[in-house]
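Dumped model-v6.cif below, it's mmCIF, C-alpha atoms:
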```
data_upload
#
loop_
_atom_site.label_atom_id
_atom_site.label_comp_id
_atom_site.auth_asym_id
_atom_site.auth_seq_id
_atom_site.Cartn_x
_atom_site.Cartn_y
_atom_site.Cartn_z
CA MET A 1 -68.08 154.31 -63.20
CA ILE A 2 -68.46 156.26 -59.95
CA ASN A 3 -71.81 157.70 -58.88
CA LEU A 4 -71.58 161.40 -58.03
CA LYS A 5 -75.23 162.17 -58.71
CA GLU A 6 -75.60 164.09 -55.44
CA ALA A 7 -73.22 166.71 -56.83
CA THR A 8 -73.61 169.30 -59.58
CA PHE A 9 -70.56 170.83 -61.22
CA ILE A 10 -71.16 174.42 -62.27
CA ILE A 11 -68.70 175.50 -64.95
CA PRO A 12 -68.52 179.03 -66.39
CA VAL A 13 -67.07 179.03 -69.89
CA CYS A 14 -65.89 181.60 -72.37
CA ILE A 15 -63.74 180.09 -75.11
CA GLU A 16 -61.45 183.01 -75.89
CA SER A 17 -58.50 180.89 -77.03
CA THR A 18 -57.62 177.49 -78.48
CA ASP A 19 -56.14 176.61 -75.09
CA ARG A 20 -59.52 177.04 -73.42
CA LEU A 21 -61.17 174.84 -76.04
CA ASN A 22 -58.56 172.10 -75.60
CA ASN A 23 -58.92 172.31 -71.83
CA SER A 24 -62.69 171.95 -72.13
CA ILE A 25 -62.31 168.77 -74.16
CA THR A 26 -59.80 167.30 -71.71
CA VAL A 27 -61.62 168.22 -68.50
CA LEU A 28 -65.11 167.18 -69.59
CA GLY A 29 -63.69 164.00 -71.06
CA TYR A 30 -62.02 163.22 -67.74
CA LEU A 31 -65.22 163.77 -65.75
CA ASN A 32 -67.22 161.69 -68.25
CA HIS A 33 -64.69 158.85 -68.12
CA HIS A 34 -64.81 158.50 -64.35
CA PHE A 35 -68.20 159.70 -63.10
CA ASN A 36 -71.95 159.69 -63.50
CA THR A 37 -72.73 163.20 -62.37
CA ASN A 38 -74.50 166.47 -63.16
CA ILE A 39 -72.96 169.38 -65.04
CA ILE A 40 -74.27 172.87 -65.70
CA ILE A 41 -72.25 174.87 -68.21
CA HIS A 42 -72.88 178.56 -68.78
CA GLU A 43 -71.14 179.60 -71.99
CA LEU A 44 -70.69 183.16 -73.21
CA VAL A 45 -70.56 183.31 -77.00
CA ASP A 46 -70.49 185.78 -79.83
CA GLY A 47 -72.40 183.68 -82.34
CA GLU A 48 -72.42 179.88 -82.15
CA THR A 49 -71.41 177.65 -79.26
CA LYS A 50 -67.79 176.51 -79.18
CA LEU A 51 -68.89 173.29 -77.45
CA PRO A 52 -70.91 171.32 -80.04
CA PHE A 53 -69.44 168.04 -78.74
CA LEU A 54 -71.23 168.01 -75.37
CA ASN A 55 -73.67 165.28 -76.44
CA ASP A 56 -70.71 162.91 -76.75
CA PHE A 57 -70.37 162.77 -72.96
CA LYS A 58 -73.01 160.14 -72.21
CA ASN A 59 -72.21 159.75 -68.50
CA LEU A 60 -72.77 163.42 -67.75
CA ASN A 61 -76.20 164.95 -67.25
CA ILE A 62 -75.35 168.28 -68.90
CA LYS A 63 -77.46 171.42 -68.90
CA HIS A 64 -75.91 173.86 -71.36
CA ILE A 65 -76.82 177.54 -71.11
CA VAL A 66 -75.66 179.72 -74.00
CA GLU A 67 -75.66 183.50 -73.59
CA GLN A 68 -74.85 185.90 -76.38
CA SER A 69 -72.20 188.47 -75.51
CA ASN A 70 -70.22 191.18 -77.26
CA MET A 71 -67.21 189.81 -75.33
CA SER A 72 -66.32 193.20 -73.89
CA THR A 73 -66.81 191.95 -70.32
CA TYR A 74 -66.51 188.57 -68.67
CA HIS A 75 -68.95 188.58 -65.75
CA ARG A 76 -68.00 185.22 -64.26
CA THR A 77 -69.70 185.74 -60.89
CA LYS A 78 -73.02 186.33 -62.64
CA GLN A 79 -72.57 183.17 -64.71
CA LEU A 80 -72.00 181.21 -61.51
CA ASN A 81 -75.08 182.62 -59.77
CA ILE A 82 -77.29 181.77 -62.74
CA MET A 83 -76.13 178.17 -62.38
CA ILE A 84 -76.23 178.08 -58.57
CA ASP A 85 -79.90 179.08 -58.74
CA LEU A 86 -80.64 175.96 -60.82
CA VAL A 87 -78.87 173.41 -58.62
CA GLU A 88 -81.08 170.91 -56.75
CA THR A 89 -78.44 168.45 -55.52
CA MET A 90 -76.98 168.64 -52.01
CA VAL A 91 -73.50 169.54 -53.25
CA ILE A 92 -72.34 172.25 -55.66
CA VAL A 93 -68.89 172.07 -57.21
CA ASN A 94 -67.77 175.53 -58.32
CA TYR A 95 -65.41 174.29 -61.02
CA ASP A 96 -63.02 175.92 -63.48
CA ILE A 97 -62.82 174.46 -66.97
CA ASP A 98 -59.06 173.89 -66.63
CA VAL A 99 -58.94 171.80 -63.44
CA LEU A 100 -58.31 168.10 -62.77
CA LEU A 101 -58.18 166.24 -59.45
CA PRO A 102 -57.33 162.67 -58.47
CA VAL A 103 -60.46 160.53 -58.77
CA ASP A 104 -60.56 159.70 -55.05
CA THR A 105 -60.44 163.40 -54.18
CA TYR A 106 -63.76 164.08 -55.92
CA VAL A 107 -65.40 161.23 -54.02
CA LYS A 108 -63.96 162.20 -50.65
CA SER A 109 -64.88 165.86 -51.07
CA VAL A 110 -68.52 165.06 -51.89
CA ASP A 111 -68.77 162.54 -49.04
CA MET A 112 -67.41 165.04 -46.49
CA ILE A 113 -70.34 167.34 -47.28
CA LEU A 114 -73.01 164.62 -47.60
CA ASN A 115 -71.96 163.18 -44.24
CA GLY A 116 -72.22 166.58 -42.56
CA ASP A 117 -68.54 166.69 -41.68
CA SER A 118 -67.92 169.83 -43.75
CA ASP A 119 -69.83 172.72 -45.30
CA VAL A 120 -67.04 173.58 -47.70
CA VAL A 121 -64.17 171.45 -49.02
CA TYR A 122 -61.14 172.73 -50.88
CA PRO A 123 -59.84 169.60 -52.65
CA TYR A 124 -56.15 170.49 -52.47
CA GLY A 125 -53.67 171.64 -49.85
CA ASP A 126 -52.85 175.21 -48.86
CA GLY A 127 -49.35 175.74 -50.25
CA VAL A 128 -47.36 174.19 -53.08
CA TYR A 129 -50.13 171.80 -54.14
CA GLN A 130 -50.73 173.02 -57.71
CA LYS A 131 -49.30 171.14 -60.68
CA ARG A 132 -49.37 173.63 -63.56
CA VAL A 133 -49.53 171.56 -66.73
CA PHE A 134 -47.74 173.31 -69.58
CA ILE A 135 -49.71 174.46 -72.62
CA ASN A 136 -47.47 172.55 -74.99
CA SER A 137 -47.49 169.25 -73.07
CA ASP A 138 -48.56 166.20 -75.09
CA ARG A 139 -52.02 165.13 -73.91
CA SER A 140 -52.65 162.42 -76.49
CA ASN A 141 -52.19 159.52 -74.06
CA PHE A 142 -54.06 161.29 -71.30
CA ASN A 143 -57.03 162.10 -73.52
CA PHE A 144 -57.20 158.41 -74.43
CA ASN A 145 -57.29 156.80 -70.96
CA PHE A 146 -57.72 159.81 -68.61
CA ASP A 147 -55.15 158.57 -66.12
CA LEU A 148 -53.31 161.30 -64.20
CA ASN A 149 -50.24 159.05 -64.14
CA ASN A 150 -49.84 160.00 -67.80
CA ILE A 151 -49.02 163.56 -66.73
CA LYS A 152 -45.30 163.15 -66.12
CA ILE A 153 -42.60 165.20 -64.44
CA GLY A 154 -41.54 167.57 -67.19
CA ASP A 155 -45.16 168.20 -68.20
CA TYR A 156 -45.72 170.59 -65.29
CA ASP A 157 -44.15 172.77 -62.65
CA MET A 158 -45.20 173.26 -59.03
CA TRP A 159 -47.04 176.34 -57.80
CA ASN A 160 -49.04 177.57 -54.86
CA ALA A 161 -52.71 176.77 -54.36
CA LYS A 162 -55.07 178.24 -51.80
CA CYS A 163 -58.65 178.99 -52.81
CA GLY A 164 -59.17 179.10 -56.59
CA HIS A 165 -59.56 176.25 -59.10
CA CYS A 166 -62.60 174.51 -57.61
CA VAL A 167 -64.45 174.13 -54.35
CA PHE A 168 -67.15 171.71 -53.09
CA ILE A 169 -69.93 173.45 -51.15
CA ASN A 170 -73.14 172.56 -49.32
CA THR A 171 -75.76 173.90 -51.76
CA GLU A 172 -78.16 175.31 -49.17
CA LYS A 173 -75.41 177.17 -47.34
CA TYR A 174 -73.85 178.48 -50.55
CA LYS A 175 -77.15 180.07 -51.52
CA LYS A 176 -77.80 181.31 -47.99
CA CYS A 177 -74.54 183.26 -47.86
CA GLY A 178 -75.09 185.02 -51.18
CA GLY A 179 -73.47 182.73 -53.71
CA GLU A 180 -71.03 184.78 -55.78
CA ASN A 181 -70.69 188.52 -55.29
CA GLU A 182 -71.65 189.97 -58.67
CA LEU A 183 -69.90 193.26 -57.92
CA PHE A 184 -66.70 191.38 -58.77
CA ILE A 185 -66.40 191.52 -62.55
CA ALA A 186 -63.83 189.72 -64.74
CA TYR A 187 -60.60 188.75 -62.98
CA GLY A 188 -60.14 189.68 -59.35
CA PRO A 189 -59.92 188.40 -55.77
CA GLU A 190 -63.42 186.92 -55.66
CA ASP A 191 -62.01 183.46 -54.86
CA VAL A 192 -60.20 184.84 -51.80
CA GLU A 193 -63.22 186.85 -50.67
CA ARG A 194 -65.45 183.77 -50.90
CA TYR A 195 -62.98 181.71 -48.84
CA GLU A 196 -62.68 184.38 -46.15
CA ARG A 197 -66.45 184.89 -46.08
CA PHE A 198 -67.07 181.17 -45.45
CA ILE A 199 -64.68 181.23 -42.51
CA LYS A 200 -65.94 184.53 -41.09
CA ILE A 201 -69.58 183.40 -40.98
CA GLY A 202 -68.64 180.13 -39.29
CA TYR A 203 -68.94 177.51 -42.02
CA LYS A 204 -66.95 174.31 -41.53
CA VAL A 205 -64.19 174.72 -44.12
CA ASP A 206 -61.90 171.75 -44.69
CA ARG A 207 -59.31 170.52 -47.17
CA VAL A 208 -58.21 167.36 -48.89
CA ASN A 209 -54.44 167.69 -48.90
CA ASP A 210 -53.85 166.43 -52.41
CA PHE A 211 -52.70 168.07 -55.64
CA VAL A 212 -54.76 170.04 -58.12
CA TYR A 213 -53.76 169.87 -61.79
CA HIS A 214 -54.19 173.22 -63.54
CA LEU A 215 -54.15 173.06 -67.34
CA GLU A 216 -52.39 176.28 -68.28
CA HIS A 217 -53.67 178.68 -70.96
CA HIS A 218 -52.75 181.99 -72.51
CA ARG A 219 -53.94 184.94 -70.50
CA THR A 220 -56.34 187.54 -71.83
CA PRO A 221 -57.93 190.52 -70.03
CA PHE A 222 -60.64 188.04 -68.99
CA SER A 223 -58.11 186.14 -66.89
CA ASP A 224 -55.40 188.56 -65.77
CA SER A 225 -54.86 191.89 -64.03
CA ASN A 226 -55.16 193.90 -67.25
CA ASN A 227 -58.94 193.91 -67.11
CA LYS A 228 -60.54 197.31 -66.56
CA PHE A 229 -62.30 196.26 -63.35
CA PHE A 230 -59.19 195.04 -61.53
CA ASN A 231 -58.73 198.06 -59.25
CA GLU A 232 -62.44 198.25 -58.43
CA ASN A 233 -62.42 194.55 -57.58
CA ASN A 234 -59.51 195.04 -55.19
CA ASP A 235 -61.21 198.02 -53.53
CA LEU A 236 -64.35 195.93 -53.00
CA TYR A 237 -62.30 193.09 -51.55
CA LYS A 238 -60.59 195.43 -49.07
CA ARG A 239 -63.95 196.84 -47.98
CA LEU A 240 -65.44 193.38 -47.42
CA THR A 241 -62.35 192.17 -45.58
CA SER A 242 -62.72 195.01 -43.09
CA MET A 243 -66.24 193.86 -42.06
CA ASN A 244 -66.87 191.78 -38.96
CA THR A 245 -69.12 188.71 -38.92
CA GLU A 246 -72.34 190.60 -38.21
CA GLU A 247 -71.60 193.19 -40.89
CA ILE A 248 -70.76 190.62 -43.56
CA ILE A 249 -73.93 188.62 -42.86
CA ASN A 250 -76.05 191.77 -43.03
CA TYR A 251 -74.29 192.83 -46.25
CA TYR A 252 -75.08 189.57 -48.03
CA ASP A 253 -78.58 189.29 -46.58
CA ASN A 254 -79.44 192.59 -48.25
CA ILE A 255 -77.36 192.55 -51.42
CA GLU A 256 -79.48 193.51 -54.42
CA TYR A 257 -78.46 190.88 -56.99
CA LYS A 258 -80.02 188.09 -54.89
CA ASN A 259 -83.47 189.36 -55.84
CA LYS A 260 -82.95 188.08 -59.40
CA TYR A 261 -82.81 184.47 -58.27
CA LYS A 262 -85.58 182.19 -57.03
CA SER A 263 -83.63 180.01 -54.63
CA PHE A 264 -81.30 182.49 -52.92
#
```
I need this file expressed as structure tokens, please.
Amino acid sequence: MINLKEATFIIPVCIESTDRLNNSITVLGYLNHHFNTNIIIHELVDGETKLPFLNDFKNLNIKHIVEQSNMSTYHRTKQLNIMIDLVETMVIVNYDIDVLLPVDTYVKSVDMILNGDSDVVYPYGDGVYQKRVFINSDRSNFNFNFDLNNIKIGDYDMWNAKCGHCVFINTEKYKKCGGENELFIAYGPEDVERYERFIKIGYKVDRVNDFVYHLEHHRTPFSDSNNKFFNENNDLYKRLTSMNTEEIINYYDNIEYKNKYKSF
């Protein structure tokens, strides 16, 4: 069992399909199998939690936040900021519920930040570094021993990766630069904006050139371009992209949503 107690994984969850539920079981099982670490899960629900099995993961220190929702809007950036505000470890892992990495990649990414070599680590290469695991792939062996070697050629195809999926970040600097921009709602280019912001303000952004495994799922308006905020999100992204370093720092120093949080 590997000690990753200096890291906290923050995982926004909304179980809108069976695929998402299955991915939750696989991903949390994988983390529990390999690591002693901290997890914060913010789950949007309409009624009862879809994650009653969390107590089974004895190696994970899990804080589970359940928020009632009418499910008309998926405000993922707000979920993330609620969790960021609670983190006390030196490293935050902004982590999707459908992502797996090689075990060594988690360790290396955390160490790069703890050692002061990096402020931000993307734990996969920029390019064709995404293994998209098919929805109908048989996970029975994998869910038994949690060995990525059980995900075979034929279970996935290759796709581009750049700045989504997950990212390891120095906690203090993440909070200092505004965390997640809550004006991005539902699906949009917030991952790209965050990446470009880190670079523009001078953070040390590095990569581990390994593969990320993305457990595929059916798309809903919460996770595709059909959501009603998509055009507004793109307009916001274009406006932020046009700002220089001084303007972007001033923008996030004065953004209103930060006032809701104690540690930002």
ask   = For the atom pair atom CA of Asp253 of chain A and atom CA of Leu236 of chain A, what is the interatomic distance in Å to one decimal place?
value =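 Those two atoms sit 17.0 Å apart.
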inquiry  = What's the separation between atom CA of Ile82 of chain A and atom CA of Glu182 of chain A, in Å to one decimal place?
reply    =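 The value is 10.8 Å.
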Select from segment 52-88 of chain A every residue with an atom at most 9 Å from any atom of segment 32-47 of chain A, then for each give the shortest pair of atoms and their distance in Å to one decimal, using all atoms listed in the file, rows by chain and rising number, as JSON lines.
```
{"residue": "A:Phe57", "atom": "CA", "partner": "A:Asn32", "partner_atom": "CA", "distance": 5.8}
{"residue": "A:Lys58", "atom": "CA", "partner": "A:Asn32", "partner_atom": "CA", "distance": 7.2}
{"residue": "A:Asn59", "atom": "CA", "partner": "A:Asn36", "partner_atom": "CA", "distance": 5.0}
{"residue": "A:Leu60", "atom": "CA", "partner": "A:Thr37", "partner_atom": "CA", "distance": 5.4}
{"residue": "A:Asn61", "atom": "CA", "partner": "A:Asn38", "partner_atom": "CA", "distance": 4.7}
{"residue": "A:Ile62", "atom": "CA", "partner": "A:Ile39", "partner_atom": "CA", "distance": 4.7}
{"residue": "A:Lys63", "atom": "CA", "partner": "A:Ile40", "partner_atom": "CA", "distance": 4.7}
{"residue": "A:His64", "atom": "CA", "partner": "A:Ile41", "partner_atom": "CA", "distance": 4.9}
{"residue": "A:Ile65", "atom": "CA", "partner": "A:His42", "partner_atom": "CA", "distance": 4.7}
{"residue": "A:Val66", "atom": "CA", "partner": "A:Glu43", "partner_atom": "CA", "distance": 4.9}
{"residue": "A:Glu67", "atom": "CA", "partner": "A:Leu44", "partner_atom": "CA", "distance": 5.0}
{"residue": "A:Gln68", "atom": "CA", "partner": "A:Val45", "partner_atom": "CA", "distance": 5.0}
{"residue": "A:Ser69", "atom": "CA", "partner": "A:Asp46", "partner_atom": "CA", "distance": 5.4}
{"residue": "A:Asn70", "atom": "CA", "partner": "A:Asp46", "partner_atom": "CA", "distance": 6.0}
{"residue": "A:Met71", "atom": "CA", "partner": "A:Asp46", "partner_atom": "CA", "distance": 6.9}
{"residue": "A:Tyr74", "atom": "CA", "partner": "A:Leu44", "partner_atom": "CA", "distance": 8.2}
{"residue": "A:Gln79", "atom": "CA", "partner": "A:His42", "partner_atom": "CA", "distance": 6.2}
{"residue": "A:Leu80", "atom": "CA", "partner": "A:His42", "partner_atom": "CA", "distance": 7.8}
{"residue": "A:Ile82", "atom": "CA", "partner": "A:His42", "partner_atom": "CA", "distance": 8.1}
{"residue": "A:Met83", "atom": "CA", "partner": "A:Ile40", "partner_atom": "CA", "distance": 6.5}
{"residue": "A:Leu86", "atom": "CA", "partner": "A:Ile40", "partner_atom": "CA", "distance": 8.6}
{"residue": "A:Val87", "atom": "CA", "partner": "A:Ile40", "partner_atom": "CA", "distance": 8.5}
```
Straight-line distance linking atom CA of Gly188 of chain A with atom CA of Tyr237 of chain A, stated in Å to one decimal = 8.8 Å
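For the file shown, the residue list from the PyMOL selection byres ((chain A and resi 101) around 6) reads Leu100, Pro102 and Val212 of chain A.
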Export, as a PDB file, in the frame of the given file, the selected residues with C-alpha atoms.
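Contents of the output file result_30.pdb:
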```pdb
ATOM      1  CA  LEU A 100     -58.310 168.100 -62.770  1.00  0.00           C
ATOM      2  CA  PRO A 102     -57.330 162.670 -58.470  1.00  0.00           C
ATOM      3  CA  VAL A 212     -54.760 170.040 -58.120  1.00  0.00           C
TER       4      VAL A 212
END
```
Take the PyMOL selection byres ((chain A and resi 171) around 12), run it mentally on this structure, and tell me the resulting residues as an mmCIF file with C-alpha atoms, in the coordinates of the input.
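The result, written out as selection32.cif:
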```
data_model
loop_
_atom_site.group_PDB
_atom_site.id
_atom_site.type_symbol
_atom_site.label_atom_id
_atom_site.label_comp_id
_atom_site.auth_asym_id
_atom_site.auth_seq_id
_atom_site.Cartn_x
_atom_site.Cartn_y
_atom_site.Cartn_z
ATOM 1 C CA GLU A 6 -75.600 164.090 -55.440
ATOM 2 C CA ALA A 7 -73.220 166.710 -56.830
ATOM 3 C CA THR A 8 -73.610 169.300 -59.580
ATOM 4 C CA PHE A 9 -70.560 170.830 -61.220
ATOM 5 C CA ILE A 10 -71.160 174.420 -62.270
ATOM 6 C CA ASN A 81 -75.080 182.620 -59.770
ATOM 7 C CA MET A 83 -76.130 178.170 -62.380
ATOM 8 C CA ILE A 84 -76.230 178.080 -58.570
ATOM 9 C CA ASP A 85 -79.900 179.080 -58.740
ATOM 10 C CA LEU A 86 -80.640 175.960 -60.820
ATOM 11 C CA VAL A 87 -78.870 173.410 -58.620
ATOM 12 C CA GLU A 88 -81.080 170.910 -56.750
ATOM 13 C CA THR A 89 -78.440 168.450 -55.520
ATOM 14 C CA MET A 90 -76.980 168.640 -52.010
ATOM 15 C CA VAL A 91 -73.500 169.540 -53.250
ATOM 16 C CA ILE A 92 -72.340 172.250 -55.660
ATOM 17 C CA VAL A 93 -68.890 172.070 -57.210
ATOM 18 C CA ASN A 94 -67.770 175.530 -58.320
ATOM 19 C CA VAL A 110 -68.520 165.060 -51.890
ATOM 20 C CA ILE A 113 -70.340 167.340 -47.280
ATOM 21 C CA LEU A 114 -73.010 164.620 -47.600
ATOM 22 C CA SER A 118 -67.920 169.830 -43.750
ATOM 23 C CA ASP A 119 -69.830 172.720 -45.300
ATOM 24 C CA VAL A 120 -67.040 173.580 -47.700
ATOM 25 C CA VAL A 167 -64.450 174.130 -54.350
ATOM 26 C CA PHE A 168 -67.150 171.710 -53.090
ATOM 27 C CA ILE A 169 -69.930 173.450 -51.150
ATOM 28 C CA ASN A 170 -73.140 172.560 -49.320
ATOM 29 C CA GLU A 172 -78.160 175.310 -49.170
ATOM 30 C CA LYS A 173 -75.410 177.170 -47.340
ATOM 31 C CA TYR A 174 -73.850 178.480 -50.550
ATOM 32 C CA LYS A 175 -77.150 180.070 -51.520
ATOM 33 C CA LYS A 176 -77.800 181.310 -47.990
ATOM 34 C CA CYS A 177 -74.540 183.260 -47.860
ATOM 35 C CA GLY A 178 -75.090 185.020 -51.180
ATOM 36 C CA GLY A 179 -73.470 182.730 -53.710
ATOM 37 C CA SER A 263 -83.630 180.010 -54.630
ATOM 38 C CA PHE A 264 -81.300 182.490 -52.920
#
```
message = Show me, as a ChimeraX atom specification, the residues that have an atom within 9 Å of Gly164 of chain A when counting all atoms listed in the file, minus same-chain residues fewer than 4 positions from it.
response = /A:96,122,190-192
key: Distance criterion (only C-alpha atoms): nearest to Asn136 of chain A out of A:Leu215, A:Val27, A:Ile185, A:Ile248   = A:Leu215
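Nearest residue to Leu148 of chain A, choosing from A:Lys204, A:His214, A:Lys162, A:Lys258 and counting all atoms listed in the file: A:His214.
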inquiry  = Env of Ile135 of chain A: 10 Å cut, atoms = only C-alpha atoms, seq-sep filter 3 positions within chain, self excluded. Answer as a PyMOL selection string.
reply    = chain A and resi 19+22-23+132+138-139+155-156+215-218
query = With distances taken over only C-alpha atoms, which of A:Thr245, A:Asn209, A:Ser109, A:Ser72 is nearest to Tyr129 of chain A?
reply =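 Of all the options, A:Asn209 lies closest to Tyr129 of chain A.
Nearest to Ile15 of chain A of all the residues A:Lys50, A:Lys200, A:Arg207, A:His75 is A:Lys50, based on only C-alpha atoms.
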ask   = Using all atoms listed in the file, which of the listed residues (A:Val208, A:Ile255, A:Val121, A:Met112) sits closest to Asn181 of chain A?
value =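 Under the stated criterion, the closest residue is A:Ile255.
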Among the residues A:Tyr213, A:Lys108, A:Val103, A:Val13, the one that comes closest to Met1 of chain A [using all atoms listed in the file] = A:Val103
request  = On this file, the PyMOL selection byres ((chain A and resi 53) around 12) gives some set of residues; write that set as a list of chain:residue names.
outcome  =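 Selected by the PyMOL selection byres ((chain A and resi 53) around 12) in this file: A:Leu21, A:Ser24, A:Ile25, A:Thr26, A:Leu28, A:Gly29, A:Thr49, A:Lys50, A:Leu51, A:Pro52, A:Leu54, A:Asn55, A:Asp56, A:Phe57, A:Lys58, A:Ile62, A:His64.
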Work out where the centre of an axis-aligned box around every listed atom of segment 240-251 of chain A lies and how long its edges are once 4 Å is added on each side; give both in Å to one decimal as lines of an AutoDock Vina configuration file.
```
center_x = -69.2
center_y = 191.8
center_z = -42.8
size_x = 21.7
size_y = 14.4
size_z = 17.2
```
For segment 112-131 of chain A, which lacks atoms in the input, supply N, CA and C atoms and format the output as a PDB file, in the frame of the given file.
```pdb
ATOM      1  N   MET A 112     -67.606 164.201 -47.683  1.00  0.00           N
ATOM      2  CA  MET A 112     -67.410 165.040 -46.490  1.00  0.00           C
ATOM      3  C   MET A 112     -68.585 165.982 -46.291  1.00  0.00           C
ATOM      4  N   ILE A 113     -69.180 166.449 -47.389  1.00  0.00           N
ATOM      5  CA  ILE A 113     -70.340 167.340 -47.280  1.00  0.00           C
ATOM      6  C   ILE A 113     -71.617 166.532 -47.049  1.00  0.00           C
ATOM      7  N   LEU A 114     -71.801 165.439 -47.775  1.00  0.00           N
ATOM      8  CA  LEU A 114     -73.010 164.620 -47.600  1.00  0.00           C
ATOM      9  C   LEU A 114     -73.109 164.063 -46.188  1.00  0.00           C
ATOM     10  N   ASN A 115     -71.971 163.735 -45.592  1.00  0.00           N
ATOM     11  CA  ASN A 115     -71.960 163.180 -44.240  1.00  0.00           C
ATOM     12  C   ASN A 115     -72.085 164.240 -43.156  1.00  0.00           C
ATOM     13  N   GLY A 116     -72.091 165.506 -43.527  1.00  0.00           N
ATOM     14  CA  GLY A 116     -72.220 166.580 -42.560  1.00  0.00           C
ATOM     15  C   GLY A 116     -70.938 166.936 -41.854  1.00  0.00           C
ATOM     16  N   ASP A 117     -69.817 166.381 -42.311  1.00  0.00           N
ATOM     17  CA  ASP A 117     -68.540 166.690 -41.680  1.00  0.00           C
ATOM     18  C   ASP A 117     -68.052 168.082 -42.047  1.00  0.00           C
ATOM     19  N   SER A 118     -68.413 168.550 -43.234  1.00  0.00           N
ATOM     20  CA  SER A 118     -67.920 169.830 -43.750  1.00  0.00           C
ATOM     21  C   SER A 118     -69.045 170.559 -44.473  1.00  0.00           C
ATOM     22  N   ASP A 119     -68.955 171.887 -44.468  1.00  0.00           N
ATOM     23  CA  ASP A 119     -69.830 172.720 -45.300  1.00  0.00           C
ATOM     24  C   ASP A 119     -69.153 173.067 -46.616  1.00  0.00           C
ATOM     25  N   VAL A 120     -67.835 173.169 -46.559  1.00  0.00           N
ATOM     26  CA  VAL A 120     -67.040 173.580 -47.700  1.00  0.00           C
ATOM     27  C   VAL A 120     -65.770 172.733 -47.723  1.00  0.00           C
ATOM     28  N   VAL A 121     -65.399 172.235 -48.897  1.00  0.00           N
ATOM     29  CA  VAL A 121     -64.170 171.450 -49.020  1.00  0.00           C
ATOM     30  C   VAL A 121     -63.340 171.997 -50.177  1.00  0.00           C
ATOM     31  N   TYR A 122     -62.123 172.403 -49.853  1.00  0.00           N
ATOM     32  CA  TYR A 122     -61.140 172.730 -50.880  1.00  0.00           C
ATOM     33  C   TYR A 122     -60.338 171.461 -51.141  1.00  0.00           C
ATOM     34  N   PRO A 123     -60.368 170.933 -52.385  1.00  0.00           N
ATOM     35  CA  PRO A 123     -59.840 169.600 -52.650  1.00  0.00           C
ATOM     36  C   PRO A 123     -58.348 169.575 -52.972  1.00  0.00           C
ATOM     37  N   TYR A 124     -57.598 170.415 -52.298  1.00  0.00           N
ATOM     38  CA  TYR A 124     -56.150 170.490 -52.470  1.00  0.00           C
ATOM     39  C   TYR A 124     -55.583 171.200 -51.241  1.00  0.00           C
ATOM     40  N   GLY A 125     -54.292 171.030 -51.015  1.00  0.00           N
ATOM     41  CA  GLY A 125     -53.670 171.640 -49.850  1.00  0.00           C
ATOM     42  C   GLY A 125     -53.440 173.127 -50.014  1.00  0.00           C
ATOM     43  N   ASP A 126     -53.161 173.790 -48.895  1.00  0.00           N
ATOM     44  CA  ASP A 126     -52.850 175.210 -48.860  1.00  0.00           C
ATOM     45  C   ASP A 126     -51.327 175.344 -48.901  1.00  0.00           C
ATOM     46  N   GLY A 127     -50.801 175.683 -50.077  1.00  0.00           N
ATOM     47  CA  GLY A 127     -49.350 175.740 -50.250  1.00  0.00           C
ATOM     48  C   GLY A 127     -48.983 175.265 -51.643  1.00  0.00           C
ATOM     49  N   VAL A 128     -47.847 174.614 -51.766  1.00  0.00           N
ATOM     50  CA  VAL A 128     -47.360 174.190 -53.080  1.00  0.00           C
ATOM     51  C   VAL A 128     -48.036 172.867 -53.449  1.00  0.00           C
ATOM     52  N   TYR A 129     -49.313 172.968 -53.792  1.00  0.00           N
ATOM     53  CA  TYR A 129     -50.130 171.800 -54.140  1.00  0.00           C
ATOM     54  C   TYR A 129     -50.707 171.903 -55.552  1.00  0.00           C
ATOM     55  N   GLN A 130     -50.234 172.854 -56.348  1.00  0.00           N
ATOM     56  CA  GLN A 130     -50.730 173.020 -57.710  1.00  0.00           C
ATOM     57  C   GLN A 130     -49.700 172.518 -58.711  1.00  0.00           C
ATOM     58  N   LYS A 131     -50.130 171.578 -59.561  1.00  0.00           N
ATOM     59  CA  LYS A 131     -49.300 171.140 -60.680  1.00  0.00           C
ATOM     60  C   LYS A 131     -49.791 171.873 -61.926  1.00  0.00           C
TER      61      LYS A 131
END
```
